[in-house]
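Single-structure report; data block below.
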Number of protein chains: 2
Amino acid sequence: MRIIADRMKNVPKSFIREILKVTESSHVISFAGGLPNPETFPIKELEKACVGVLENDGKKALQYAATEGYYKLREFISARYREKQGLEIPPESILITTGSQQALDLIGKVLINRGDRVLMEEPGYLGAIQAFSVFEPHFKSVRLNDDGVDIPALKKACAGGVKLFYCVPNFHNPSGITYSDNVRREASKILSQKNVITIEDNPYGELRFMGENIPPMRKYNDASILLGSFSKVAAPGLRLGWISAPPEIMDALNTAKQAADLHTNSFSQRVLYRYLTENSIDAHIESIKKIYKIQRDAMVGAMGRYFPAEVLFTKPEGGMFVWVTLPKKLDTMRLFNAVIKKDVAFVPGKPFYANGGGDNTLRLNYSACPPDVIEEGIKRIGETIKELLA
Amino acid sequence: MRIIADRMKNVPKSFIREILKVTESSHVISFAGGLPNPETFPIKELEKACVGVLENDGKKALQYAATEGYYKLREFISARYREKQGLEIPPESILITTGSQQALDLIGKVLINRGDRVLMEEPGYLGAIQAFSVFEPHFKSVRLNDDGVDIPALKKACAGGVKLFYCVPNFHNPSGITYSDNVRREASKILSQKNVITIEDNPYGELRFMGENIPPMRKYNDASILLGSFSKVAAPGLRLGWISAPPEIMDALNTAKQAADLHTNSFSQRVLYRYLTENSIDAHIESIKKIYKIQRDAMVGAMGRYFPAEVLFTKPEGGMFVWVTLPKKLDTMRLFNAVIKKDVAFVPGKPFYANGGGDNTLRLNYSACPPDVIEEGIKRIGETIKELLA
């Protein structure tokens with residue numbers, strides 16, 4: 001008897017997490033991770049919230065709790081959907097998850113039969129590819145343009161029958177692009193018509209430091225699933241995210257959540273809620289955006305100066321990532337092996353392609369390095385690209 | 001296209017959690033939950049630990065972290081295995097999970113193909129039945145005696161080819177029984193010979209308030225999987241448990257963990273570790289045992305006084321549960337409906353039977369009620385049993 005179950009055969013390991021191990025030594029300039037800038041973590045405020053929760057509600061905060069999550073935190077999320085995005089999402093249809101990564105696992109469990117067609121963006125979020133892989137879907141991919149998913153390609157892909165479409169319309173990971181309002185509208189129309197369940201993941205949506213906010217796709221498609229996270233606006237170590245879905249799916253998600261870990265850390269849920277009510281999260285987000293804008297400008301500026309003209313890159317209006325496309329003849333694994341010798345790291349683009357490809361692409365993260373370090377790192381990458389192209 | 005995936009069809013909802021909703025009103029005497037006594041939670045000590053972690057390591061504690069878990073916490077667990085159980089479990093083979101419930105989910109993912117034979121105790125832990133059900137095994141059950149799993153029945157069940165055997169040898173949930181050393185030795189021999197992967201779950205092992213410690217089954221079977229939890233010795237709200245398995249399984253578990261939620265709450269891991277080093281966990285466990293012994297004595301004593309002689313019940317030497325067997329003609333759902341009218345709740349035994357049965361059994365929890373309330377609740381159940389048998 002084989003020991004390991006068949007479903008694990010095609011689950012990719014996170015190349016990113018493997019790279020992170022290599023780049024842990026402090027002299028490496030790493031653009032590889034997807035780490036928020038720890039300078040932004042509200043440490044003092046969370047300390048106050050911890051003390052407040054334990055002194056006022058210690059017994060409840062440390063006890064087993066409801067699978068659905070802490071009701072007041074779900075109310076907060078509901079109110080914020082209304083205030084920031086004009087969406088009516090009742091607290092009852094929100095399930096608190098162990099980071100939004102767990103929401104992806106629950107979706108896979110509850111919605112994917114082996115062989116179901118799951119449509120991914122190309123490039124797409126690696127964590128979703130990993131989580132869904134466990135449930136053995138048939139991945140299809142649809143390419144992204146600078147203004148979002150390619151509409152004719154989406155239409156064609158959906159024509160063949162697709163169960164799920166997963167997307168990150170705001171400051172996309174890994175590409176940094178944002179769907180235009182028009183693409184959101186058009187895509188939603190096609191997805192609704194074809195009864196494709198849309199999963200709209202939005203971990204970075206509040207981190208817009210340039211340009212205008214664009215309404216969520218949900219506005220054009222009532223039946224979509226929404227994912228959210230506190231990892232990028234508060235702290236990832238608390239592992240707090242959420243999922244909202246139509247009632248029949250919600251019910252199955254709750255059953256799956258119960259089987260997966262009973263409920264999300266109740267102490268952290270109460271600490272976060274207390275933090276959110278004792279402080280202005282809007283003011284905190286403004287302070288994060290200010291820092292990320294400076295870091296983003298440092299990276300995009302340096303790329304303009306040091307990268308040869310034939311290298312293309314996105315210019316994100318928010319979030320944490322820039323996406324680079326090299327001339328076809330230059331494989332990013334070659335570039336990776338060359339720049340790591342100069343103590344610089346990034347993530348090659350290939351793992352973000354559920355159906356293969358992307359050999360000449362890479363992802364750069366700017367939120368984890370100060371501007372002068374970004375300048376130096378991009379300079380080294382630029383010089384190496386020139387050497388390899390020469 | 002059906003929306004919900006086939007694998008969710010046979011996942012039972014937790015009857016316990018459904019009951020908990022009914023019994024939330026404070027005048028109901030509830031023996032239904034599996035809640036630790038919140039009076040035992042080390043609130044002040046955890047508050048100090050929170051402050052210490054945030055002031056000294058805030059940035060690290062709130063950042064993304066290693067999938068495997070906080071290394072120092074894994075070292076602590078490793079050292080405790082050596083000290084308390086004489087087992088050599090290196091930190092590298094320990095993965096921190098979001099409560100030990102998540103370990104069950106990961107085991108299901110990584111080891112269970114649809115139709116694989118999984119052997120459960122009868123009665124067995126409901127959380128394991130739920131978690132494994134998602135992966136569509138073929139459950140087989142083997143009955144428990146007062147000294148553990150029935151050896152001839154185990155032999156017979158294994159003869160047909162079994163992939164996994166899940167057991168809780170110490171202060172079993174739901175039955176409260178403990179495997180004798182002889183049963184551990186005999187069972188391990190059979191399981192090793194038949195290449196059955198044994199999962200030894202041990203959430204209550206440290207809570208022995210009577211009798212002598214018995215070596216873990218692992219001592220007789222190097223290849224078994226160990227599960228552990230801090231829920232019953234510190235606090236369940238922190239959702240911290242762990243799993244240890246042979247290397248090839250460990251590797252797949254880590255991949256599955258990454259896909260499931262990236263890593264367990266890093267803040268809580270550091271807070272717990274700091275709590276464990278700043279305080280004597282042994283002294284804390286002694287104080288829990290003292291309380292549970294009094295509660296257990298109150299329940300077992302009251303049952304002796306108020307239950308008719310034909311009602312059988314276990315007399316646990318640790319843990320949190322007593323198991324009751326009524327005369328065959330009395331269905332516990334009838335008893336449940338009658339006692340709930342008298343504001344007393346328990347869990348009927350049926351959901352703990354993976355293959356059906358147990359209609360005349362029930363589980364009582366004593367850790368969540370003070371002795372006088374236990375006395376009153378057992379009195380009401382006893383009177384109701386007598387009425388129904390009359």
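As shown in the structure tokens, the chain order sets the letters A, B, ...; within each chain, residues go from 1, and ligands are also counted from 1 in the order they appear.
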
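Taking only C-alpha atoms, the non-local environment of A:Asn56 within 12 Å (same-chain residues fewer than 5 positions away omitted) comprises Ala49, Cys50, Val51, Ala61, Leu62, Arg270, Val271 and Arg274 of chain A; Ile43, Lys44 and Glu47 of chain B.
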
ask   = Please, which residues of chain B lie no more than 6 Å from chain A when the count uses only C-alpha atoms, and can they be set out as a VMD selection string?
value = chain B and resid 4 to 5 38 47 51 59 62 to 64 101 to 102 105 110 to 113 130 to 131 235 to 239 259 to 261 265 to 267

key: Spatial neighbours of stretch 188-192 of chain A, 7 Å, only C-alpha atoms, chain gap at least 5 places, as a count of residues only   = 4

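Going from atom CA of B:Leu87 to atom CA of B:Ile288 covers 24.3 Å.
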
message = Quick check, in Å to one decimal: how far apart do atom CA of A:Gly301 and atom CA of A:Asp146 lie?
response = 18.8 Å

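Excluding B:Lys219 and any residue on its chain fewer than 5 positions from it, the residues at most 12 Å away by only C-alpha atoms are Tyr81, Arg82, Gln85, Gly86, Leu87, Glu88, Ile89, Asp181, Arg184, Arg185, Ala187, Ser188, Lys189, Glu200, Ile214, Ser224, Ile225 and Leu226 of chain B.
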
Please produce an output containing N, CA and C atoms for each residue in the selection, written as a PDB file, in the first residue's frame.
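Output contents, as saved in selection-v6.pdb:
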ATOM      1  N   TYR B  81       8.541  15.221  26.059  1.00  0.00           N
ATOM      2  CA  TYR B  81       8.382  13.810  25.682  1.00  0.00           C
ATOM      3  C   TYR B  81       9.458  12.963  26.360  1.00  0.00           C
ATOM      4  N   ARG B  82      10.689  13.480  26.362  1.00  0.00           N
ATOM      5  CA  ARG B  82      11.789  12.745  26.978  1.00  0.00           C
ATOM      6  C   ARG B  82      11.563  12.608  28.475  1.00  0.00           C
ATOM      7  N   GLN B  85       7.687  10.880  29.242  1.00  0.00           N
ATOM      8  CA  GLN B  85       7.270   9.614  28.647  1.00  0.00           C
ATOM      9  C   GLN B  85       8.448   8.759  28.184  1.00  0.00           C
ATOM     10  N   GLY B  86       9.667   9.290  28.370  1.00  0.00           N
ATOM     11  CA  GLY B  86      10.833   8.520  27.953  1.00  0.00           C
ATOM     12  C   GLY B  86      10.917   8.315  26.450  1.00  0.00           C
ATOM     13  N   LEU B  87      10.358   9.237  25.682  1.00  0.00           N
ATOM     14  CA  LEU B  87      10.382   9.117  24.219  1.00  0.00           C
ATOM     15  C   LEU B  87      11.372  10.107  23.618  1.00  0.00           C
ATOM     16  N   GLU B  88      12.102   9.649  22.587  1.00  0.00           N
ATOM     17  CA  GLU B  88      13.019  10.536  21.867  1.00  0.00           C
ATOM     18  C   GLU B  88      12.330  11.049  20.606  1.00  0.00           C
ATOM     19  N   ILE B  89      11.753  12.235  20.701  1.00  0.00           N
ATOM     20  CA  ILE B  89      11.053  12.839  19.557  1.00  0.00           C
ATOM     21  C   ILE B  89      11.767  14.155  19.254  1.00  0.00           C
ATOM     22  N   ASP B 181      -1.365  -1.412  30.262  1.00  0.00           N
ATOM     23  CA  ASP B 181      -0.064  -1.615  29.628  1.00  0.00           C
ATOM     24  C   ASP B 181      -0.091  -2.850  28.743  1.00  0.00           C
ATOM     25  N   ARG B 184      -1.865  -2.135  25.510  1.00  0.00           N
ATOM     26  CA  ARG B 184      -1.001  -1.304  24.655  1.00  0.00           C
ATOM     27  C   ARG B 184       0.026  -2.160  23.936  1.00  0.00           C
ATOM     28  N   ARG B 185       0.638  -3.078  24.683  1.00  0.00           N
ATOM     29  CA  ARG B 185       1.690  -3.931  24.144  1.00  0.00           C
ATOM     30  C   ARG B 185       1.107  -4.873  23.073  1.00  0.00           C
ATOM     31  N   ALA B 187      -1.804  -4.663  21.442  1.00  0.00           N
ATOM     32  CA  ALA B 187      -2.365  -3.932  20.298  1.00  0.00           C
ATOM     33  C   ALA B 187      -1.243  -3.464  19.375  1.00  0.00           C
ATOM     34  N   SER B 188      -0.152  -2.940  19.976  1.00  0.00           N
ATOM     35  CA  SER B 188       0.961  -2.439  19.164  1.00  0.00           C
ATOM     36  C   SER B 188       1.580  -3.550  18.343  1.00  0.00           C
ATOM     37  N   LYS B 189       1.673  -4.746  18.938  1.00  0.00           N
ATOM     38  CA  LYS B 189       2.242  -5.884  18.229  1.00  0.00           C
ATOM     39  C   LYS B 189       1.411  -6.197  16.983  1.00  0.00           C
ATOM     40  N   GLU B 200      -1.750   7.851  17.756  1.00  0.00           N
ATOM     41  CA  GLU B 200      -1.945   7.860  19.202  1.00  0.00           C
ATOM     42  C   GLU B 200      -2.213   9.300  19.633  1.00  0.00           C
ATOM     43  N   ILE B 214       0.985   5.040  32.659  1.00  0.00           N
ATOM     44  CA  ILE B 214       1.249   3.873  31.828  1.00  0.00           C
ATOM     45  C   ILE B 214       2.020   4.354  30.604  1.00  0.00           C
ATOM     46  N   SER B 224       4.547   4.861  14.911  1.00  0.00           N
ATOM     47  CA  SER B 224       3.230   5.477  15.102  1.00  0.00           C
ATOM     48  C   SER B 224       3.299   6.998  14.987  1.00  0.00           C
ATOM     49  N   ILE B 225       2.139   7.583  14.824  1.00  0.00           N
ATOM     50  CA  ILE B 225       1.988   9.036  14.764  1.00  0.00           C
ATOM     51  C   ILE B 225       1.489   9.502  16.124  1.00  0.00           C
ATOM     52  N   LEU B 226       2.103  10.574  16.630  1.00  0.00           N
ATOM     53  CA  LEU B 226       1.694  11.111  17.930  1.00  0.00           C
ATOM     54  C   LEU B 226       0.996  12.458  17.757  1.00  0.00           C
TER      55      LEU B 226
END

ask   = With only C-alpha atoms as the basis for distance, which of A:Gln193, A:Thr178, A:Ser229, A:Ser287 is at the shortest distance from A:Gly241?
value = A:Ser229

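Distance-wise, atom CA of B:Asn173 and atom CA of A:Met250 end up 29.0 Å apart.
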
ask   = Can you list, as a ChimeraX atom specification, every protein, DNA or RNA residue that comes within 9 Å of B:Tyr273 when you count only C-alpha atoms, leaving out same-chain residues fewer than 5 positions away?
value = /B:49,70,72-73,76,268,278

DSSP strand (DSSP E or B) selection over stretch 61-262 of chain B, as a PyMOL selection string = chain B and resi 94-98+117-122+138-145+148-149+164-167+197-201+208+225-229+240-244

Can you spit out the residues from that selection as a PDB file, in the first residue's frame, using C-alpha atoms?
ATOM      1  CA  ILE B  94       7.261  18.041  15.442  1.00  0.00           C
ATOM      2  CA  LEU B  95       4.839  20.226  13.489  1.00  0.00           C
ATOM      3  CA  ILE B  96       2.798  22.793  15.410  1.00  0.00           C
ATOM      4  CA  THR B  97      -0.861  22.708  14.367  1.00  0.00           C
ATOM      5  CA  THR B  98      -3.927  24.905  14.891  1.00  0.00           C
ATOM      6  CA  ARG B 117      -9.935   1.326   5.593  1.00  0.00           C
ATOM      7  CA  VAL B 118      -9.675   3.405   8.761  1.00  0.00           C
ATOM      8  CA  LEU B 119     -10.170   1.675  12.066  1.00  0.00           C
ATOM      9  CA  MET B 120     -11.875   3.645  14.837  1.00  0.00           C
ATOM     10  CA  GLU B 121     -12.505   2.854  18.455  1.00  0.00           C
ATOM     11  CA  GLU B 122     -16.155   2.172  19.274  1.00  0.00           C
ATOM     12  CA  HIS B 138     -14.242   3.161   4.738  1.00  0.00           C
ATOM     13  CA  PHE B 139     -14.631   3.204   8.527  1.00  0.00           C
ATOM     14  CA  LYS B 140     -14.368   0.019  10.518  1.00  0.00           C
ATOM     15  CA  SER B 141     -14.863  -0.016  14.270  1.00  0.00           C
ATOM     16  CA  VAL B 142     -13.406  -2.075  17.074  1.00  0.00           C
ATOM     17  CA  ARG B 143     -14.998  -2.129  20.483  1.00  0.00           C
ATOM     18  CA  LEU B 144     -13.474  -0.851  23.699  1.00  0.00           C
ATOM     19  CA  ASN B 145     -13.375  -2.726  26.982  1.00  0.00           C
ATOM     20  CA  GLY B 148      -8.777  -0.606  26.180  1.00  0.00           C
ATOM     21  CA  VAL B 149      -9.329  -1.854  22.681  1.00  0.00           C
ATOM     22  CA  LEU B 164      -4.936   3.570   9.874  1.00  0.00           C
ATOM     23  CA  PHE B 165      -5.946   2.983  13.459  1.00  0.00           C
ATOM     24  CA  TYR B 166      -6.878   6.020  15.531  1.00  0.00           C
ATOM     25  CA  CYS B 167      -6.917   5.777  19.321  1.00  0.00           C
ATOM     26  CA  ILE B 197      -0.324   3.215  10.842  1.00  0.00           C
ATOM     27  CA  THR B 198      -1.272   3.949  14.444  1.00  0.00           C
ATOM     28  CA  ILE B 199      -2.346   7.435  15.472  1.00  0.00           C
ATOM     29  CA  GLU B 200      -1.945   7.860  19.202  1.00  0.00           C
ATOM     30  CA  ASP B 201      -3.865  10.959  20.274  1.00  0.00           C
ATOM     31  CA  ARG B 208      -4.101  11.726  35.621  1.00  0.00           C
ATOM     32  CA  ILE B 225       1.988   9.036  14.764  1.00  0.00           C
ATOM     33  CA  LEU B 226       1.694  11.111  17.930  1.00  0.00           C
ATOM     34  CA  LEU B 227      -0.758  13.948  18.506  1.00  0.00           C
ATOM     35  CA  GLY B 228      -0.691  16.391  21.375  1.00  0.00           C
ATOM     36  CA  SER B 229      -2.444  19.524  22.546  1.00  0.00           C
ATOM     37  CA  LEU B 240      -2.142  25.054  19.794  1.00  0.00           C
ATOM     38  CA  GLY B 241      -1.493  21.388  19.219  1.00  0.00           C
ATOM     39  CA  TRP B 242       1.087  19.289  17.397  1.00  0.00           C
ATOM     40  CA  ILE B 243       1.780  16.195  15.389  1.00  0.00           C
ATOM     41  CA  SER B 244       4.848  13.985  15.079  1.00  0.00           C
TER      42      SER B 244
END

request  = Could you give me the residues within stretch 92-271 of chain B that DSSP places in helix (DSSP H, G or I), as a PyMOL selection string?
outcome  = chain B and resi 92-93+99-111+126-133+151-159+181-193+217-220+236-238+247-261+266-271

inquiry  = Can you pull out the residues contacting A:Ala302? Cut-off 12 Å, using only C-alpha atoms, and skip same-chain residues under 5 positions away; I want them as a ChimeraX atom specification.
reply    = /A:295-297,307-308,313,366,371-383

Using only C-alpha atoms, please write the residues we just selected to a file, as an mmCIF file, in the first residue's frame.
data_model
loop_
_atom_site.group_PDB
_atom_site.id
_atom_site.type_symbol
_atom_site.label_atom_id
_atom_site.label_comp_id
_atom_site.auth_asym_id
_atom_site.auth_seq_id
_atom_site.Cartn_x
_atom_site.Cartn_y
_atom_site.Cartn_z
ATOM 1 C CA GLN A 295 9.203 51.800 -1.197
ATOM 2 C CA ARG A 296 7.258 51.259 -4.427
ATOM 3 C CA ASP A 297 8.616 54.511 -5.890
ATOM 4 C CA PHE A 307 16.934 47.822 -16.233
ATOM 5 C CA PRO A 308 17.485 47.703 -20.008
ATOM 6 C CA PHE A 313 7.560 45.716 -15.513
ATOM 7 C CA TYR A 366 9.152 46.025 -2.134
ATOM 8 C CA PRO A 371 14.466 52.488 -0.119
ATOM 9 C CA ASP A 372 18.293 52.576 -0.157
ATOM 10 C CA VAL A 373 18.436 48.783 -0.001
ATOM 11 C CA ILE A 374 15.865 48.548 -2.799
ATOM 12 C CA GLU A 375 18.019 50.881 -4.916
ATOM 13 C CA GLU A 376 21.116 48.735 -4.381
ATOM 14 C CA GLY A 377 19.290 45.445 -4.995
ATOM 15 C CA ILE A 378 17.657 46.618 -8.217
ATOM 16 C CA LYS A 379 20.997 47.984 -9.397
ATOM 17 C CA ARG A 380 22.600 44.561 -8.937
ATOM 18 C CA ILE A 381 19.719 42.813 -10.729
ATOM 19 C CA GLY A 382 19.876 45.368 -13.571
ATOM 20 C CA GLU A 383 23.626 44.893 -14.026
#
